[in-house]
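Visitor: Take a look at this one; I'll ask things after.
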Amino acid sequence: MDKNEKIAAWMESHRGEMIEDLKTLCRIPSYSGPAAEGAPYGEGPKKAMEAAMDMCRSYGFAVTDHGDRVMTADMGPETPQLDMLAHLDVVGPGDGWDTDPFEPVEKPDGYIYGRGVADDKGGAVAALYAMRCVKELGLPLSGRCRLILGTDEENGSSDVAWYYERVKPAPHTFTPDSNFPVCNAEKGFYRLRFKKAWAAETALPRVAELHGGFRVNVVPGQAYAVIAGMEKDALLAAAVPLAAEIGAAAKVEDTDGGVKLTVEAKGCHAAEPETGNNANTALIRVLAGLPLAECESTKAIHELDKVLPHGDYYGRALGIAQADDVTGRLTCSFTQIDFTAAGLSGLCDCRVPVCANEENCKAVADRTMGALGYETEGAMVPPHWTPAEGAFIRTLNACYEAYSGREGGCYAMGGGTYVHDVPGGVAFGVVMPGEDVRMHGANERIKVDDLVTAAELFAHAVGAICE
Ligand SMILES: [Zn+2]
């Protein structure tokens, strides 16, 4: 058997173990929680990290705990050559699952379902199995290959910030936390927070309360409002057609202080707003069509419907729409809103192309919102770009082409990947192009065959880069 056949045979014979290890990690609800002693991101992320450390130790890797935030597993000589960077934390389950999000299941359609199977425990396990394969086949290494597993990617990546303050990155880093082939350019971030207050109101009917969104980087699939002074049947009759017009569903129920109106649309990642149907903006659109009293809360509904209208993915109404050839269009997702009797606060997750700067983005949004009486805040984070011509990217693409049978290349994206601040870092896999893994949404999934293919081509990449 030549090397290629050996790697393929090893992967095939370890497929079952790989899926079992993935399931073990996915059974741990590792979304962030309150910090505790020895668990800066909460109990879930810490448990996932401990499980991964045990796993890596059992396969004979040198394992290190970095401040309860990040773990590393090493193989090969001391000289750093390649870092593979993945994360063990996940976003919360959200609504709409067909199965238990934390009891992963393989279905006859060839997919495994569960929170984190794709983002990013699947990537972590594929990278781990690439290392296991290289180690167990005894392939020669002249430099160190390190698997870095963090636990705070979904909430700002303070874990790797902490790590990279203490440890230098290897000459090459990839993160299997995106799509194949190679993501070498990432947009920057702009998180726009805004708020407005008003005196408690008595006019009827009015919006007494409104809530939508659970994470800054997740477009919610559900949002609700409580309307005071309106009959349930009248509200239902008005809301259902308004919601249907924009592809959403509305339901109503009696609750304390009025009638609760819930709008169901489709959640998605904030960086890809076109793939979902934002429940926040959908709910505001529905409310704007109701016969509400003239008062401050109603005024706010109409303002939001005007500056952050449903279906405006690019910040056009806000005045910040722009694009360039490297990173494409600016996207703007209205991901969180909390609206009470005395005011509202909201949050938009904007991904900004290379051409965006403080003047043509932040200052414009501040002015648009300011003119309507909103207070704003939020800083911009610059974009990340690794030129496509280097040997590292060529090697990754060659492995990808040879073992996936697909065409390689580079692309840019809106999601800040885990290597946003790692010089020369790229995202590579773990999701095959065209696959909808429902990242951050309900029924997250990944094709088992794809995961095995990814592990196989990662093994080749490790071999080629650390040889
Ligand atoms: Zn991720």
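Ordering of the structure tokens sets the chain letters (A, B, ...); residue numbers start at 1 within each chain; ligands are numbered from 1 in the order shown.
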Quick one: DSSP alpha helix (DSSP H) residues in region 37-127 of chain A, as number ranges by chain?
Guide: A: 43-58, 121-127
Visitor: Okay, now the selection with C-alpha atoms, as a compact mmCIF listing (two decimals), in the first residue's frame?
Guide:
# COMPACT_ATOMS: atom_id res chain seq x y z
CA GLU A 43 -19.52 24.91 33.05
CA GLY A 44 -20.50 23.65 29.57
CA PRO A 45 -17.42 24.90 27.70
CA LYS A 46 -15.19 23.66 30.53
CA LYS A 47 -16.72 20.18 30.45
CA ALA A 48 -16.27 19.98 26.70
CA MET A 49 -12.65 21.01 27.07
CA GLU A 50 -12.03 18.36 29.73
CA ALA A 51 -13.64 15.69 27.56
CA ALA A 52 -11.48 16.71 24.59
CA MET A 53 -8.34 16.68 26.73
CA ASP A 54 -9.12 13.13 27.89
CA MET A 55 -9.74 12.11 24.29
CA CYS A 56 -6.48 13.61 23.04
CA ARG A 57 -4.51 12.09 25.92
CA SER A 58 -5.97 8.66 25.23
CA LYS A 121 -17.00 20.03 17.01
CA GLY A 122 -17.05 18.31 13.62
CA GLY A 123 -14.06 20.42 12.56
CA ALA A 124 -12.28 19.69 15.83
CA VAL A 125 -12.81 15.94 15.51
CA ALA A 126 -11.78 15.87 11.82
CA ALA A 127 -8.52 17.66 12.72
Visitor: Which residues are near ligand 1 in this structure, taking near to mean any atom at most 8 Å from a ligand atom and counting only C-alpha atoms and all ligand atoms? Format them as a PyMOL selection string.
Guide: chain A and resi 86-87+90+119-120+153-154+177-178+417-418
Visitor: Keeping C-alpha atoms for every residue in the selection just given, could you write it to a file as a tab-separated table (two decimals), in the first residue's frame?
Guide:
chain	number	residue	atom	x	y	z
A	86	ALA	CA	-11.02	24.75	16.26
A	87	HIS	CA	-13.57	25.43	18.99
A	90	VAL	CA	-21.47	26.20	20.67
A	119	ASP	CA	-19.80	24.29	14.11
A	120	ASP	CA	-17.28	23.35	15.21
A	153	GLU	CA	-15.33	31.38	19.78
A	154	GLU	CA	-19.04	32.15	19.72
A	177	ASP	CA	-14.51	26.32	11.15
A	178	SER	CA	-15.92	27.41	7.82
A	417	THR	CA	-13.41	33.16	11.63
A	418	TYR	CA	-11.26	32.02	14.49
Visitor: For region 258-275 of chain A, work out the shell of residues within 6 Å, counting only C-alpha atoms and skipping chain neighbours fewer than 6 positions away, then give it as a ChimeraX atom specification.
Guide: /A:217-228,248-252,283,333,414-415,441
Visitor: Write out, as a PDB file, in the first residue's frame, the residues just selected, with N, CA and C atoms.
Guide:
ATOM      1  N   ASN A 217     -24.643  37.300  17.035  1.00  0.00           N
ATOM      2  CA  ASN A 217     -24.314  36.824  15.689  1.00  0.00           C
ATOM      3  C   ASN A 217     -25.328  35.828  15.137  1.00  0.00           C
ATOM      4  N   VAL A 218     -26.503  35.812  15.716  1.00  0.00           N
ATOM      5  CA  VAL A 218     -27.552  34.919  15.218  1.00  0.00           C
ATOM      6  C   VAL A 218     -28.799  35.723  14.854  1.00  0.00           C
ATOM      7  N   VAL A 219     -29.224  35.600  13.600  1.00  0.00           N
ATOM      8  CA  VAL A 219     -30.505  36.182  13.198  1.00  0.00           C
ATOM      9  C   VAL A 219     -31.589  35.288  13.781  1.00  0.00           C
ATOM     10  N   PRO A 220     -32.486  35.830  14.620  1.00  0.00           N
ATOM     11  CA  PRO A 220     -33.458  34.953  15.288  1.00  0.00           C
ATOM     12  C   PRO A 220     -34.545  34.461  14.344  1.00  0.00           C
ATOM     13  N   GLY A 221     -35.029  33.254  14.630  1.00  0.00           N
ATOM     14  CA  GLY A 221     -36.127  32.680  13.862  1.00  0.00           C
ATOM     15  C   GLY A 221     -37.473  32.935  14.521  1.00  0.00           C
ATOM     16  N   GLN A 222     -37.434  33.568  15.698  1.00  0.00           N
ATOM     17  CA  GLN A 222     -38.676  33.819  16.420  1.00  0.00           C
ATOM     18  C   GLN A 222     -38.544  35.110  17.234  1.00  0.00           C
ATOM     19  N   ALA A 223     -39.621  35.879  17.291  1.00  0.00           N
ATOM     20  CA  ALA A 223     -39.638  37.085  18.123  1.00  0.00           C
ATOM     21  C   ALA A 223     -41.081  37.311  18.556  1.00  0.00           C
ATOM     22  N   TYR A 224     -41.273  37.999  19.682  1.00  0.00           N
ATOM     23  CA  TYR A 224     -42.652  38.221  20.123  1.00  0.00           C
ATOM     24  C   TYR A 224     -42.855  39.620  20.678  1.00  0.00           C
ATOM     25  N   ALA A 225     -44.108  40.030  20.660  1.00  0.00           N
ATOM     26  CA  ALA A 225     -44.490  41.316  21.254  1.00  0.00           C
ATOM     27  C   ALA A 225     -45.751  41.105  22.071  1.00  0.00           C
ATOM     28  N   VAL A 226     -45.945  41.955  23.076  1.00  0.00           N
ATOM     29  CA  VAL A 226     -47.210  41.957  23.819  1.00  0.00           C
ATOM     30  C   VAL A 226     -47.921  43.250  23.463  1.00  0.00           C
ATOM     31  N   ILE A 227     -49.153  43.122  22.964  1.00  0.00           N
ATOM     32  CA  ILE A 227     -49.921  44.289  22.558  1.00  0.00           C
ATOM     33  C   ILE A 227     -51.047  44.512  23.563  1.00  0.00           C
ATOM     34  N   ALA A 228     -51.061  45.702  24.131  1.00  0.00           N
ATOM     35  CA  ALA A 228     -52.089  46.055  25.106  1.00  0.00           C
ATOM     36  C   ALA A 228     -53.241  46.743  24.386  1.00  0.00           C
ATOM     37  N   ALA A 248     -43.502  34.794   6.769  1.00  0.00           N
ATOM     38  CA  ALA A 248     -43.439  34.444   8.189  1.00  0.00           C
ATOM     39  C   ALA A 248     -44.820  33.971   8.659  1.00  0.00           C
ATOM     40  N   ALA A 249     -44.851  33.390   9.847  1.00  0.00           N
ATOM     41  CA  ALA A 249     -46.118  32.951  10.429  1.00  0.00           C
ATOM     42  C   ALA A 249     -46.360  33.719  11.723  1.00  0.00           C
ATOM     43  N   ALA A 250     -47.636  33.980  12.029  1.00  0.00           N
ATOM     44  CA  ALA A 250     -47.953  34.712  13.258  1.00  0.00           C
ATOM     45  C   ALA A 250     -48.916  33.883  14.084  1.00  0.00           C
ATOM     46  N   LYS A 251     -48.706  33.897  15.409  1.00  0.00           N
ATOM     47  CA  LYS A 251     -49.710  33.284  16.281  1.00  0.00           C
ATOM     48  C   LYS A 251     -49.939  34.196  17.486  1.00  0.00           C
ATOM     49  N   VAL A 252     -51.126  34.080  18.092  1.00  0.00           N
ATOM     50  CA  VAL A 252     -51.453  34.964  19.212  1.00  0.00           C
ATOM     51  C   VAL A 252     -51.975  34.148  20.386  1.00  0.00           C
ATOM     52  N   LEU A 283     -41.356  40.867  12.669  1.00  0.00           N
ATOM     53  CA  LEU A 283     -42.311  41.263  13.709  1.00  0.00           C
ATOM     54  C   LEU A 283     -42.567  42.775  13.650  1.00  0.00           C
ATOM     55  N   SER A 333     -27.310  42.846   9.981  1.00  0.00           N
ATOM     56  CA  SER A 333     -28.370  42.009  10.547  1.00  0.00           C
ATOM     57  C   SER A 333     -28.827  42.565  11.894  1.00  0.00           C
ATOM     58  N   GLY A 414     -18.108  36.808   5.341  1.00  0.00           N
ATOM     59  CA  GLY A 414     -18.533  37.834   6.284  1.00  0.00           C
ATOM     60  C   GLY A 414     -18.308  37.438   7.721  1.00  0.00           C
ATOM     61  N   GLY A 415     -18.333  36.131   7.989  1.00  0.00           N
ATOM     62  CA  GLY A 415     -18.148  35.671   9.365  1.00  0.00           C
ATOM     63  C   GLY A 415     -16.697  35.828   9.747  1.00  0.00           C
ATOM     64  N   GLY A 441     -28.584  27.380  13.573  1.00  0.00           N
ATOM     65  CA  GLY A 441     -30.031  27.238  13.478  1.00  0.00           C
ATOM     66  C   GLY A 441     -30.488  25.906  14.077  1.00  0.00           C
TER      67      GLY A 441
END
Visitor: Can you tell me how far CA of Ala300 (chain A) sits from CA of Tyr374 (chain A), in Å to one decimal?
Guide: 9.9 Å
Visitor: Env of region 6-15 of chain A: 8 Å cut, atoms = only C-alpha atoms, seq-sep filter 4 positions within chain, self excluded. Answer as a ChimeraX atom specification.
Guide: /A:1-2,19,133-134,137,452,455-456,459
Visitor: Using only C-alpha atoms, which of the listed residues (A:Ala161, A:Ala363, A:Leu347, A:Leu330) sits closest to Leu304 (chain A)?
Guide: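 Looking only at the distances to Leu304 (chain A), the closest residue turns out to be A:Leu347.
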Visitor: So, with only C-alpha atoms as the atoms that count, which of A:Pro77, A:Gly156, A:Pro181, A:Pro34 lies closest to Tyr411 (chain A)?
Guide: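 Once distances to Tyr411 (chain A) are computed over only C-alpha atoms, the minimum belongs to A:Pro181.
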Visitor: Fewer than 5 positions away in the same chain doesn't count, so skip those; otherwise give me all residues within 6 Å of Val182 (chain A), counting only C-alpha atoms, as a PyMOL selection string.
Guide: chain A and resi 410+427-428
Visitor: Could the residues in this selection be saved with C-alpha atoms as a compact mmCIF listing (two decimals), in the first residue's frame?
Guide:
# COMPACT_ATOMS: atom_id res chain seq x y z
CA CYS A 410 -10.04 31.00 -2.28
CA ALA A 427 -10.13 28.96 7.30
CA PHE A 428 -10.15 25.55 5.58
Visitor: Leaving out region 378-391 of chain A and any residue of its chain fewer than 4 positions from it, which residues lie within 7 Å of it when counting only C-alpha atoms, given as a ChimeraX atom specification?
Guide: /A:184-193,354,395,410,420,424-425
Visitor: Using only C-alpha atoms, which of A:Leu82, A:Val307, A:Val167, A:Leu128 sits nearest Phe334 (chain A)?
Guide: A:Val307
Visitor: Apply DSSP to the structure's backbone, then extract all residues of region 274-404 of chain A labelled strand (DSSP E or B) and return them as a ChimeraX atom specification.
Guide: /A:277,323-324,328-329,331-340,343-352,375-377,380-381,384-385
Visitor: Write out as a PDB file with C-alpha atoms, in the first residue's frame which residues come within 7 Å of region 111-117 of chain A when counting only C-alpha atoms, dropping same-chain ones fewer than 4 positions away.
Guide:
ATOM      1  CA  CYS A  26     -21.832  17.016  21.126  1.00  0.00           C
ATOM      2  CA  VAL A  90     -21.475  26.199  20.672  1.00  0.00           C
ATOM      3  CA  PRO A  93     -29.951  25.422  20.919  1.00  0.00           C
ATOM      4  CA  PRO A 101     -30.005  19.127  20.063  1.00  0.00           C
ATOM      5  CA  PHE A 102     -27.661  17.567  22.623  1.00  0.00           C
ATOM      6  CA  GLU A 103     -28.303  13.925  21.740  1.00  0.00           C
ATOM      7  CA  PRO A 104     -26.701  13.657  18.293  1.00  0.00           C
ATOM      8  CA  VAL A 105     -28.334  11.205  15.879  1.00  0.00           C
ATOM      9  CA  GLU A 106     -27.246   9.744  12.572  1.00  0.00           C
ATOM     10  CA  LYS A 107     -30.156   9.526  10.193  1.00  0.00           C
ATOM     11  CA  LYS A 121     -16.996  20.033  17.014  1.00  0.00           C
ATOM     12  CA  GLY A 122     -17.054  18.312  13.617  1.00  0.00           C
ATOM     13  CA  ASN A 443     -31.421  20.819  13.162  1.00  0.00           C
ATOM     14  CA  GLU A 444     -27.741  21.619  12.648  1.00  0.00           C
ATOM     15  CA  ARG A 445     -26.203  18.765  10.679  1.00  0.00           C
ATOM     16  CA  ILE A 446     -23.236  17.548   8.691  1.00  0.00           C
ATOM     17  CA  LYS A 447     -22.839  14.732   6.177  1.00  0.00           C
ATOM     18  CA  VAL A 448     -20.837  11.922   7.767  1.00  0.00           C
TER      19      VAL A 448
END
Visitor: I need the residue nearest Glu201 (chain A) from this list: A:Ile28, A:Ala371, A:Thr340, A:Ala39. Use only C-alpha atoms for the distance.
Guide: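 With only C-alpha atoms as the atom set, the closest residue is A:Thr340.
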Visitor: Looking at A:Asn357, A:Thr24, A:Ser345, A:Thr376, which one is nearest to Glu209 (chain A), with distances taken over only C-alpha atoms?
Guide: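 Distance minimum relative to Glu209 (chain A) lands on A:Ser345.
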Visitor: Could you tell me which of A:Lys299, A:Lys306, A:Arg215, A:Lys196 comes closest to Glu375 (chain A) if we count only C-alpha atoms?
Guide: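 So, comparing all the options, the nearest one is A:Lys196.
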